[in-house]
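Undergrad: Structure file data_39.cif (mmCIF, C-alpha atoms and all ligand atoms) right here:
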```cif
data_data
loop_
_atom_site.label_atom_id
_atom_site.label_comp_id
_atom_site.auth_asym_id
_atom_site.auth_seq_id
_atom_site.Cartn_x
_atom_site.Cartn_y
_atom_site.Cartn_z
CA MET A 1 0.00 0.00 0.00
CA GLN A 2 0.99 3.64 -0.33
CA ALA A 3 1.69 5.76 2.75
CA LEU A 4 3.30 9.01 3.87
CA THR A 5 6.31 7.88 5.87
CA PHE A 6 8.86 9.54 8.15
CA HIS A 7 12.51 9.58 7.10
CA GLY A 8 14.16 12.10 9.41
CA LYS A 9 14.05 15.84 9.92
CA GLU A 10 11.66 17.49 7.45
CA LYS A 11 11.68 14.40 5.28
CA ILE A 12 8.35 12.77 4.48
CA GLU A 13 8.08 10.30 1.61
CA TYR A 14 5.11 8.98 -0.32
CA GLU A 15 6.10 5.35 -0.77
CA SER A 16 4.96 1.78 -0.80
CA ILE A 17 5.11 -0.18 2.48
CA ASP A 18 3.74 -3.60 3.50
CA ASP A 19 -0.03 -3.94 3.90
CA PRO A 20 -1.06 -4.32 7.54
CA GLN A 21 -2.29 -7.76 8.67
CA ILE A 22 -4.60 -8.83 11.49
CA GLU A 23 -2.16 -9.54 14.35
CA SER A 24 -4.57 -10.08 17.23
CA PRO A 25 -8.21 -11.32 17.27
CA ASP A 26 -9.45 -7.88 18.39
CA ASP A 27 -7.88 -6.05 15.40
CA VAL A 28 -9.60 -4.70 12.33
CA ILE A 29 -8.09 -3.42 9.09
CA LEU A 30 -9.46 -0.13 7.86
CA ARG A 31 -9.35 1.29 4.34
CA VAL A 32 -8.73 4.99 4.92
CA ILE A 33 -11.29 7.32 3.31
CA LEU A 34 -9.98 10.64 4.59
CA THR A 35 -6.96 11.71 6.62
CA THR A 36 -5.16 14.96 7.43
CA VAL A 37 -1.97 16.55 8.74
CA CYS A 38 -2.00 17.76 12.36
CA GLY A 39 0.19 20.27 14.22
CA SER A 40 1.38 17.25 16.22
CA ASP A 41 2.78 15.75 13.00
CA LEU A 42 4.84 18.94 12.64
CA HIS A 43 6.60 18.30 15.98
CA VAL A 44 7.65 14.91 14.55
CA TYR A 45 8.49 16.43 11.14
CA HIS A 46 10.91 18.90 12.76
CA GLU A 47 12.22 16.19 15.12
CA ARG A 48 11.19 18.21 18.16
CA GLU A 49 9.62 14.89 19.19
CA LYS A 50 12.42 12.38 18.79
CA GLY A 51 12.60 8.61 18.51
CA LEU A 52 10.25 7.73 15.66
CA ASP A 53 11.55 4.87 13.49
CA HIS A 54 12.25 5.77 9.86
CA GLY A 55 9.64 4.25 7.57
CA THR A 56 6.75 4.74 10.05
CA ALA A 57 3.49 5.76 8.37
CA MET A 58 2.58 9.19 9.77
CA GLY A 59 -0.77 10.48 10.94
CA HIS A 60 -3.37 9.90 13.62
CA GLU A 61 -6.52 11.57 12.27
CA PHE A 62 -8.49 9.37 9.87
CA ILE A 63 -11.83 7.83 9.07
CA GLY A 64 -12.36 4.72 6.98
CA GLU A 65 -14.23 1.62 6.00
CA ILE A 66 -13.61 -1.75 7.66
CA VAL A 67 -12.26 -4.30 5.19
CA GLU A 68 -11.25 -7.13 7.55
CA THR A 69 -12.11 -8.08 11.14
CA GLY A 70 -10.31 -10.28 13.67
CA LYS A 71 -12.18 -13.27 15.14
CA ALA A 72 -12.95 -11.58 18.48
CA VAL A 73 -14.42 -8.37 17.03
CA ARG A 74 -18.10 -8.10 18.07
CA SER A 75 -19.30 -4.56 17.33
CA PHE A 76 -18.17 -4.06 13.76
CA GLU A 77 -18.28 -5.85 10.45
CA LYS A 78 -16.84 -5.48 6.97
CA GLY A 79 -18.24 -2.42 5.22
CA ASP A 80 -18.84 -0.33 8.40
CA ARG A 81 -17.77 3.31 8.10
CA VAL A 82 -15.97 4.36 11.25
CA MET A 83 -14.04 7.18 12.89
CA CYS A 84 -10.93 6.49 14.94
CA PRO A 85 -9.62 8.52 17.91
CA PHE A 86 -5.89 9.21 17.76
CA THR A 87 -5.08 6.64 20.46
CA THR A 88 -6.42 3.12 21.01
CA ASN A 89 -8.15 2.17 24.26
CA CYS A 90 -9.37 -1.02 25.95
CA GLY A 91 -12.53 0.49 27.46
CA GLU A 92 -12.08 -1.50 30.68
CA CYS A 93 -9.06 -0.31 32.64
CA PHE A 94 -9.16 2.29 35.43
CA TYR A 95 -8.34 5.15 33.03
CA CYS A 96 -10.87 4.15 30.38
CA ARG A 97 -13.57 3.90 33.07
CA ILE A 98 -12.88 7.43 34.35
CA GLY A 99 -12.91 8.86 30.82
CA LEU A 100 -9.15 9.37 30.54
CA THR A 101 -9.02 7.08 27.49
CA CYS A 102 -5.73 8.67 26.32
CA ARG A 103 -4.02 7.02 29.31
CA CYS A 104 -5.45 3.52 28.77
CA VAL A 105 -2.96 1.03 30.20
CA ARG A 106 -2.94 -0.80 26.84
CA GLY A 107 -3.36 2.33 24.68
CA GLN A 108 -1.11 3.25 21.77
CA LEU A 109 -0.76 6.35 19.62
CA PHE A 110 -1.25 5.99 15.87
CA GLY A 111 1.75 6.94 13.76
CA TRP A 112 4.29 6.17 16.46
CA ILE A 113 6.72 3.23 16.08
CA GLN A 114 9.84 3.39 18.21
CA ASP A 115 12.49 0.65 18.24
CA GLY A 116 10.11 -1.55 16.27
CA ASN A 117 7.20 -1.18 18.72
CA GLY A 118 4.01 0.75 18.08
CA LEU A 119 1.46 1.50 15.42
CA HIS A 120 1.63 2.81 11.90
CA GLY A 121 -0.49 5.88 11.27
CA GLY A 122 -3.46 6.76 9.13
CA GLN A 123 -1.74 8.71 6.35
CA ALA A 124 -1.91 5.43 4.45
CA GLU A 125 -4.29 3.39 2.34
CA LEU A 126 -4.82 0.85 5.13
CA VAL A 127 -4.41 0.88 8.93
CA ARG A 128 -4.49 -1.83 11.57
CA ILE A 129 -6.69 -0.89 14.55
CA PRO A 130 -6.08 -2.87 17.77
CA MET A 131 -8.87 -3.19 20.38
CA ALA A 132 -11.27 -2.15 17.63
CA ASP A 133 -14.48 -2.72 19.62
CA SER A 134 -13.56 -0.13 22.25
CA THR A 135 -11.49 2.20 20.03
CA LEU A 136 -13.65 2.80 16.95
CA MET A 137 -17.06 4.43 16.59
CA ARG A 138 -19.44 4.08 13.68
CA ILE A 139 -19.97 7.42 11.89
CA PRO A 140 -23.45 8.37 13.07
CA GLU A 141 -26.34 9.81 11.04
CA GLY A 142 -26.08 13.52 10.38
CA ILE A 143 -22.28 13.68 10.59
CA SER A 144 -20.33 14.34 7.41
CA ASP A 145 -17.02 12.64 6.64
CA GLU A 146 -15.20 15.93 7.33
CA GLU A 147 -16.96 16.36 10.69
CA ALA A 148 -16.16 12.74 11.58
CA LEU A 149 -12.51 13.42 10.76
CA PHE A 150 -12.56 16.46 13.05
CA LEU A 151 -13.98 14.24 15.84
CA CYS A 152 -10.88 12.02 15.70
CA ASP A 153 -8.72 14.69 17.34
CA ILE A 154 -8.99 18.41 16.80
CA PHE A 155 -12.55 19.16 17.91
CA PRO A 156 -12.29 16.96 21.04
CA THR A 157 -8.87 18.47 21.82
CA GLY A 158 -10.08 22.05 21.45
CA TYR A 159 -13.18 21.33 23.52
CA PHE A 160 -11.12 19.53 26.18
CA CYS A 161 -8.83 22.57 26.41
CA ALA A 162 -11.90 24.74 27.09
CA ASP A 163 -13.22 22.20 29.62
CA MET A 164 -9.95 22.33 31.58
CA ALA A 165 -10.19 26.14 31.68
CA GLY A 166 -13.43 26.17 33.72
CA ILE A 167 -15.32 28.78 31.68
CA GLU A 168 -17.77 31.28 33.23
CA PRO A 169 -19.82 33.44 30.82
CA SER A 170 -18.60 36.64 32.53
CA GLY A 171 -14.93 35.71 32.26
CA THR A 172 -12.24 36.84 29.83
CA TYR A 173 -10.31 34.18 27.93
CA ALA A 174 -7.35 34.08 25.58
CA VAL A 175 -6.47 31.31 23.13
CA LEU A 176 -2.83 31.20 22.02
CA GLY A 177 -2.64 29.74 18.52
CA CYS A 178 -5.11 29.84 15.64
CA GLY A 179 -4.01 26.61 14.03
CA PRO A 180 -6.73 23.99 13.55
CA VAL A 181 -6.65 23.00 17.24
CA GLY A 182 -6.57 26.60 18.50
CA LEU A 183 -9.56 27.37 16.28
CA MET A 184 -11.43 24.37 17.72
CA ALA A 185 -10.46 25.58 21.21
CA ALA A 186 -12.09 28.94 20.39
CA VAL A 187 -15.26 27.09 19.29
CA GLY A 188 -15.02 24.99 22.46
CA ALA A 189 -14.80 28.12 24.62
CA ILE A 190 -17.81 29.67 22.89
CA ALA A 191 -19.75 26.39 23.25
CA HIS A 192 -18.94 26.54 27.00
CA GLY A 193 -20.48 30.03 27.13
CA ALA A 194 -17.42 32.29 26.83
CA LYS A 195 -18.40 35.79 25.70
CA ASN A 196 -15.12 37.68 25.99
CA LEU A 197 -12.69 35.64 23.97
CA TYR A 198 -9.40 36.67 22.37
CA SER A 199 -7.59 34.53 19.81
CA ILE A 200 -3.90 35.27 19.38
CA ASP A 201 -1.54 34.37 16.53
CA ARG A 202 0.65 36.15 14.02
CA VAL A 203 -0.81 34.62 10.85
CA PRO A 204 -3.48 36.98 9.46
CA TYR A 205 -5.60 34.44 7.56
CA ARG A 206 -5.78 32.19 10.62
CA LEU A 207 -6.80 35.15 12.80
CA GLU A 208 -9.62 35.81 10.32
CA LEU A 209 -10.88 32.24 10.83
CA ALA A 210 -10.94 32.80 14.60
CA ALA A 211 -12.86 36.04 14.13
CA ALA A 212 -15.44 34.22 11.99
CA PHE A 213 -16.20 31.99 15.00
CA GLY A 214 -16.74 35.08 17.19
CA ALA A 215 -13.33 35.57 18.85
CA THR A 216 -11.58 38.95 18.93
CA PRO A 217 -8.31 38.47 17.02
CA ILE A 218 -5.01 39.85 18.29
CA ASP A 219 -2.10 39.84 15.86
CA LEU A 220 1.04 39.32 17.95
CA SER A 221 3.19 41.02 15.34
CA ARG A 222 1.11 44.22 15.50
CA SER A 223 -0.06 44.61 19.07
CA ASP A 224 0.85 43.52 22.56
CA PRO A 225 -1.77 41.04 23.81
CA ALA A 226 -0.82 41.74 27.45
CA GLU A 227 -1.81 45.37 26.98
CA VAL A 228 -5.08 44.53 25.20
CA ILE A 229 -6.12 41.99 27.84
CA ARG A 230 -5.08 44.15 30.79
CA GLU A 231 -7.19 46.96 29.39
CA ALA A 232 -10.20 44.63 29.04
CA THR A 233 -9.91 43.31 32.63
CA ASP A 234 -9.16 46.34 34.85
CA GLY A 235 -5.49 45.38 34.72
CA ARG A 236 -6.04 41.82 36.08
CA GLY A 237 -5.34 39.58 33.09
CA ALA A 238 -7.29 36.70 31.54
CA ASP A 239 -9.28 34.31 33.76
CA ALA A 240 -7.84 31.47 31.71
CA VAL A 241 -5.33 31.22 28.89
CA PHE A 242 -5.40 28.30 26.46
CA GLU A 243 -1.95 27.36 25.19
CA VAL A 244 -2.53 25.65 21.84
CA VAL A 245 0.90 26.09 20.25
CA GLY A 246 3.41 23.87 22.00
CA SER A 247 6.41 26.23 22.30
CA GLU A 248 8.30 27.74 25.22
CA GLU A 249 7.50 31.20 23.88
CA ALA A 250 3.75 30.50 23.94
CA ALA A 251 3.88 28.88 27.37
CA ARG A 252 5.64 32.00 28.68
CA LEU A 253 3.06 34.26 27.06
CA ALA A 254 0.28 32.22 28.71
CA PHE A 255 1.88 32.92 32.07
CA VAL A 256 2.17 36.64 31.28
CA LEU A 257 -1.48 36.91 30.23
CA VAL A 258 -3.21 34.96 33.02
CA ARG A 259 -4.53 36.80 36.10
CA PRO A 260 -3.64 35.79 39.68
CA GLY A 261 -5.79 32.79 40.55
CA GLY A 262 -6.39 32.02 36.87
CA VAL A 263 -5.95 28.85 34.84
CA ILE A 264 -3.42 27.96 32.15
CA SER A 265 -4.92 25.18 30.06
CA THR A 266 -2.30 23.60 27.80
CA VAL A 267 -2.91 21.15 24.98
CA GLY A 268 0.13 22.25 22.95
CA VAL A 269 2.56 19.33 22.83
CA HIS A 270 5.79 19.96 24.75
CA SER A 271 8.87 17.78 24.76
CA LYS A 272 11.43 20.08 26.44
CA GLU A 273 12.37 19.31 30.01
CA SER A 274 12.58 22.97 31.03
CA TYR A 275 9.74 25.15 32.32
CA SER A 276 8.60 28.47 30.87
CA PHE A 277 7.79 29.73 34.35
CA SER A 278 9.09 28.65 37.71
CA LEU A 279 7.08 27.12 40.54
CA GLY A 280 7.98 30.25 42.50
CA GLU A 281 6.33 32.44 39.87
CA GLY A 282 3.31 30.12 39.82
CA TYR A 283 3.08 30.29 43.60
CA ASP A 284 3.24 34.07 43.59
CA ARG A 285 0.25 34.23 41.21
CA ASN A 286 -1.80 31.23 42.55
CA ILE A 287 -1.84 29.68 39.08
CA THR A 288 -3.75 26.51 38.23
CA PHE A 289 -1.83 24.70 35.51
CA ARG A 290 -3.59 21.97 33.54
CA ILE A 291 -1.94 20.08 30.69
CA GLY A 292 -2.15 16.92 28.70
CA ARG A 293 -3.25 14.75 25.84
CA CYS A 294 -6.96 14.81 25.02
CA PRO A 295 -8.96 11.67 25.81
CA ALA A 296 -10.38 11.85 22.29
CA ARG A 297 -12.44 8.63 22.40
CA HIS A 298 -14.27 9.90 25.51
CA TYR A 299 -14.96 13.33 23.98
CA MET A 300 -15.80 11.90 20.55
CA GLU A 301 -18.85 10.22 22.01
CA ARG A 302 -19.78 13.28 24.08
CA LEU A 303 -19.50 15.71 21.17
CA ILE A 304 -21.55 13.83 18.57
CA PRO A 305 -24.84 15.55 19.55
CA LEU A 306 -23.19 18.98 19.40
CA VAL A 307 -21.76 18.30 15.94
CA GLN A 308 -25.11 16.94 14.74
CA LYS A 309 -26.75 20.24 15.76
CA LYS A 310 -24.47 22.13 13.31
CA THR A 311 -24.42 25.19 15.60
CA TYR A 312 -20.77 25.78 14.67
CA ASP A 313 -19.48 25.36 11.16
CA ILE A 314 -16.33 23.60 12.38
CA THR A 315 -15.23 22.34 8.97
CA SER A 316 -15.16 25.90 7.58
CA ILE A 317 -11.44 25.81 8.46
CA VAL A 318 -10.72 23.23 5.74
CA SER A 319 -8.42 25.00 3.30
CA HIS A 320 -7.39 22.18 0.95
CA ARG A 321 -8.47 18.74 -0.17
CA MET A 322 -5.89 16.84 -2.20
CA PRO A 323 -4.82 13.31 -3.08
CA MET A 324 -2.53 11.73 -0.48
CA SER A 325 0.08 11.40 -3.23
CA GLU A 326 0.55 15.18 -2.79
CA GLY A 327 1.09 14.75 0.95
CA VAL A 328 4.73 15.88 0.89
CA HIS A 329 3.54 19.21 -0.51
CA ALA A 330 0.75 19.29 2.11
CA TYR A 331 3.31 19.00 4.93
CA ARG A 332 5.35 21.81 3.43
CA ILE A 333 2.53 24.33 3.05
CA PHE A 334 0.91 23.43 6.38
CA ASP A 335 4.25 23.92 8.13
CA LYS A 336 5.14 27.17 6.35
CA LYS A 337 1.55 28.50 6.41
CA GLN A 338 1.65 29.02 2.67
CA ASP A 339 -1.35 29.21 0.36
CA LYS A 340 -3.55 29.98 3.40
CA ALA A 341 -3.18 26.41 4.61
CA SER A 342 -5.16 25.61 7.74
CA LYS A 343 -6.74 22.14 7.70
CA ILE A 344 -5.58 20.05 4.74
CA LEU A 345 -7.59 16.93 3.94
CA LEU A 346 -5.85 14.06 2.15
CA GLU A 347 -7.56 11.34 0.13
CA PRO A 348 -5.65 8.05 -0.19
P1 LIG B 401 -0.39 24.49 14.04
O1 LIG B 401 1.09 24.35 14.06
O2 LIG B 401 -1.12 24.46 12.75
O3 LIG B 401 -0.83 25.83 14.78
C1 LIG B 401 -0.06 26.50 15.74
C2 LIG B 401 -0.37 28.00 15.59
O4 LIG B 401 0.25 28.70 16.66
C3 LIG B 401 0.15 28.59 14.29
O5 LIG B 401 -0.90 29.24 13.60
C4 LIG B 401 1.24 29.57 14.76
O6 LIG B 401 1.34 30.71 13.93
C5 LIG B 401 0.74 29.93 16.14
N1 LIG B 401 1.77 30.44 17.09
C6 LIG B 401 3.09 30.18 17.10
N2 LIG B 401 3.67 30.82 18.16
C7 LIG B 401 2.67 31.47 18.80
C8 LIG B 401 2.63 32.30 19.97
N3 LIG B 401 3.72 32.54 20.70
N4 LIG B 401 1.44 32.81 20.35
C9 LIG B 401 0.32 32.56 19.64
N5 LIG B 401 0.30 31.78 18.53
C10 LIG B 401 1.46 31.25 18.12
O7 LIG B 401 -0.90 23.32 15.02
P2 LIG B 401 -2.35 22.75 15.45
O8 LIG B 401 -2.69 21.61 14.57
O9 LIG B 401 -3.31 23.83 15.62
O10 LIG B 401 -1.92 22.14 16.88
C11 LIG B 401 -1.60 23.04 17.94
C12 LIG B 401 -0.90 22.30 19.07
O11 LIG B 401 -1.79 21.33 19.64
C13 LIG B 401 0.33 21.51 18.65
O12 LIG B 401 1.34 21.63 19.65
C14 LIG B 401 -0.16 20.09 18.61
O13 LIG B 401 0.87 19.15 18.79
C15 LIG B 401 -1.10 20.11 19.78
N6 LIG B 401 -2.09 19.01 19.86
C16 LIG B 401 -2.30 18.47 21.08
C17 LIG B 401 -3.25 17.49 21.26
C18 LIG B 401 -3.52 16.96 22.64
O14 LIG B 401 -4.16 15.92 22.76
N7 LIG B 401 -3.11 17.65 23.69
C19 LIG B 401 -3.97 17.03 20.15
C20 LIG B 401 -3.76 17.62 18.89
C21 LIG B 401 -2.80 18.61 18.76
ZN ZN B 402 -3.80 15.52 15.73
#
```
In structure tokens, how does this file's structure come out?
TA:
Amino acid sequence: MQALTFHGKEKIEYESIDDPQIESPDDVILRVILTTVCGSDLHVYHEREKGLDHGTAMGHEFIGEIVETGKAVRSFEKGDRVMCPFTTNCGECFYCRIGLTCRCVRGQLFGWIQDGNGLHGGQAELVRIPMADSTLMRIPEGISDEEALFLCDIFPTGYFCADMAGIEPSGTYAVLGCGPVGLMAAVGAIAHGAKNLYSIDRVPYRLELAAAFGATPIDLSRSDPAEVIREATDGRGADAVFEVVGSEEAARLAFVLVRPGGVISTVGVHSKESYSFSLGEGYDRNITFRIGRCPARHYMERLIPLVQKKTYDITSIVSHRMPMSEGVHAYRIFDKKQDKASKILLEP
């Protein structure tokens, strides 16, 4: 089969690799219908996240059709159209039962093979899905393929970021980053009732997308967000800041913008071992710091009714749809923010 594979820093190849096989009775094989590039793939692409084996199929956001089922699979059959969260989960362990499916004791991340162990990703024609009964969900009525794809990661992650922030309608909130996940975090904040919401970035076309959802855009390269937010809050700062970038610079800015007693809610992926603010600084401002991977399978289920209502046109951020054979180009323009790239859909 054809796949987009990792071959070192800024090197993605479109090449042929072995078809996946059923390895365990609870596996299914999926034929991918639609996949996409995520900001998390860019951390791998730039080798900020290290350790991925060369030749690993990239990607963790995909929907597809089941083409083969293992003997123990009960809930799905050949021909079912399904969406897949970006990690697998058993549905039974302590973490799955409390809704923290991303920390399932048997869970694995798609598109991550290290020292020969792990799972190929969904930027491929076929993918093997372990623990299929508890990992996959059928695409429900009233949900388009694009919306289903957004439910695999970015909409749950944005919504989760807003959940961690503890939104009150009277509060003032700032989202750092207007990439696909930051835009979904803005939607998540609005869905939680936020009225005073600022979205911050330095890419004008992405700021426009945030404004279309109802956020007030702040262009970092033109104005100082600290000044704007201080002015809006009698000098206090934001009640919560969402860090949806995954850089030391953004984490520092989150600390600068949050008010004493406020929340920093971080879904940006960090791999550095240093901190952008010290515990002493956190103590002096009574900061609540929340961070982590989104339990996408848990939120996927929770968010289906909201997506079915179509209150928010979440897929309006799709900028491109192209064959997966052009995936190398997709990585380049998504990374460099060329050609107004925001969410790029790939068809295998
Ligand atoms: P992206 O790279 O497309 O978007 C990041 C945006 O941040 C860009 O528009 C960039 O211009 C902007 N930016 C850079 N520095 C900034 C700063 N200092 N202040 C404000 N904005 C700044 O990525 P994405 O797909 O939107 O993903 C965002 C982050 O979320 C990534 O770190 C990704 O790995 C992470 N992520 C986490 C989870 C999770 O489960 N926690 C899931 C998906 C993605
Ligand atoms: Zn993702």
Undergrad: Please measure the separation of CA of His298 (chain A) and CA of Ala185 (chain A), giving the value in Å to one decimal.
TA: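 We find that CA of His298 (chain A) and CA of Ala185 (chain A) lie 16.7 Å from each other.
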Undergrad: Counting only C-alpha atoms and all ligand atoms, which residues of chain A fall within 6 Å of ligand LIG 401 (chain B), and what is the closest atom pair for each with its distance in Å at one decimal, ordered by chain and rising number, as a tab-separated table?
TA:
```
residue	atom	partner	partner_atom	distance
A:Cys38	CA	B:LIG401	O8	4.5
A:Gly39	CA	B:LIG401	O8	3.2
A:Ser40	CA	B:LIG401	O13	3.2
A:Asp153	CA	B:LIG401	C20	6.0
A:Ile154	CA	B:LIG401	C20	5.7
A:Thr157	CA	B:LIG401	C19	5.4
A:Leu176	CA	B:LIG401	C9	4.2
A:Gly177	CA	B:LIG401	N5	3.6
A:Cys178	CA	B:LIG401	O5	4.7
A:Gly179	CA	B:LIG401	O9	3.3
A:Pro180	CA	B:LIG401	O9	4.0
A:Val181	CA	B:LIG401	O9	3.8
A:Gly182	CA	B:LIG401	O9	5.2
A:Ile200	CA	B:LIG401	C9	5.0
A:Asp201	CA	B:LIG401	N5	3.8
A:Arg202	CA	B:LIG401	O6	5.5
A:Val203	CA	B:LIG401	O6	5.4
A:Val244	CA	B:LIG401	C12	4.6
A:Val245	CA	B:LIG401	C12	4.4
A:Gly246	CA	B:LIG401	O12	3.9
A:Glu249	CA	B:LIG401	N3	5.1
A:Ala250	CA	B:LIG401	N3	3.8
A:Val267	CA	B:LIG401	N7	3.7
A:Gly268	CA	B:LIG401	O12	3.6
A:Val269	CA	B:LIG401	O12	4.1
A:Gly292	CA	B:LIG401	N7	5.2
A:Arg293	CA	B:LIG401	O14	3.4
A:Cys294	CA	B:LIG401	O14	3.8
```
Undergrad: Export, as an mmCIF file, keeping the file's coordinate frame, the selected residues with C-alpha atoms.
TA:
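Result file is out.cif:
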```
data_model
loop_
_atom_site.group_PDB
_atom_site.id
_atom_site.type_symbol
_atom_site.label_atom_id
_atom_site.label_comp_id
_atom_site.auth_asym_id
_atom_site.auth_seq_id
_atom_site.Cartn_x
_atom_site.Cartn_y
_atom_site.Cartn_z
ATOM 1 C CA CYS A 38 -2.000 17.760 12.360
ATOM 2 C CA GLY A 39 0.190 20.270 14.220
ATOM 3 C CA SER A 40 1.380 17.250 16.220
ATOM 4 C CA ASP A 153 -8.720 14.690 17.340
ATOM 5 C CA ILE A 154 -8.990 18.410 16.800
ATOM 6 C CA THR A 157 -8.870 18.470 21.820
ATOM 7 C CA LEU A 176 -2.830 31.200 22.020
ATOM 8 C CA GLY A 177 -2.640 29.740 18.520
ATOM 9 C CA CYS A 178 -5.110 29.840 15.640
ATOM 10 C CA GLY A 179 -4.010 26.610 14.030
ATOM 11 C CA PRO A 180 -6.730 23.990 13.550
ATOM 12 C CA VAL A 181 -6.650 23.000 17.240
ATOM 13 C CA GLY A 182 -6.570 26.600 18.500
ATOM 14 C CA ILE A 200 -3.900 35.270 19.380
ATOM 15 C CA ASP A 201 -1.540 34.370 16.530
ATOM 16 C CA ARG A 202 0.650 36.150 14.020
ATOM 17 C CA VAL A 203 -0.810 34.620 10.850
ATOM 18 C CA VAL A 244 -2.530 25.650 21.840
ATOM 19 C CA VAL A 245 0.900 26.090 20.250
ATOM 20 C CA GLY A 246 3.410 23.870 22.000
ATOM 21 C CA GLU A 249 7.500 31.200 23.880
ATOM 22 C CA ALA A 250 3.750 30.500 23.940
ATOM 23 C CA VAL A 267 -2.910 21.150 24.980
ATOM 24 C CA GLY A 268 0.130 22.250 22.950
ATOM 25 C CA VAL A 269 2.560 19.330 22.830
ATOM 26 C CA GLY A 292 -2.150 16.920 28.700
ATOM 27 C CA ARG A 293 -3.250 14.750 25.840
ATOM 28 C CA CYS A 294 -6.960 14.810 25.020
#
```
Undergrad: Can you pull out every residue within 12 Å of Glu227 (chain A), counting only C-alpha atoms, but drop anything in the same chain fewer than 3 positions away, and send it as a ChimeraX atom specification?
TA: /A:218,220,222-224,230-238,256-257
Undergrad: Kindly give the distance, in Å, that separates CA of Phe160 (chain A) and CA of Ser144 (chain A), rounded to a single decimal.
TA: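 These atoms are spaced 21.5 Å apart.
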Undergrad: Env of region 4-8 of chain A: 6 Å cut, atoms = all atoms listed in the file, seq-sep filter 2 positions within chain, self excluded. Answer as a list in words.
TA: Lys11, Ile12, Glu13, Tyr14, His54, Gly55, Thr56, Ala57, Met58 and Gln123 of chain A
Undergrad: Could you work out how far CA of Pro156 (chain A) lies from CA of Ile314 (chain A), giving the answer in Å with one decimal?
TA: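 Atom-to-atom, CA of Ile314 (chain A) and CA of Pro156 (chain A) are spaced 11.6 Å apart.
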Undergrad: With a distance cut-off of 8 Å and all atoms listed in the file, select the neighbouring residues of Glu61 (chain A), excluding the residue or stretch itself and same-chain residues fewer than 6 positions from it, and output the selection as a VMD selection string.
TA: chain A and resid 35 to 38 84 to 86 122 149 to 150 152 to 153
Undergrad: Might I get the box with edges along x, y and z of the file that holds all atoms of region 125-131 of chain A listed there, padded by 6 Å on every side, given as centre and edge lengths in Å to one decimal, as lines of an AutoDock Vina configuration file?
TA:
```
center_x = -6.6
center_y = 0.1
center_z = 11.4
size_x = 16.6
size_y = 18.6
size_z = 30.0
```
Undergrad: Which residue gives the smallest distance to Leu207 (chain A) among A:His329, A:Lys340, A:Arg290, A:Lys309, with only C-alpha atoms counted?
TA: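 The answer is A:Lys340, which sits nearest to Leu207 (chain A).
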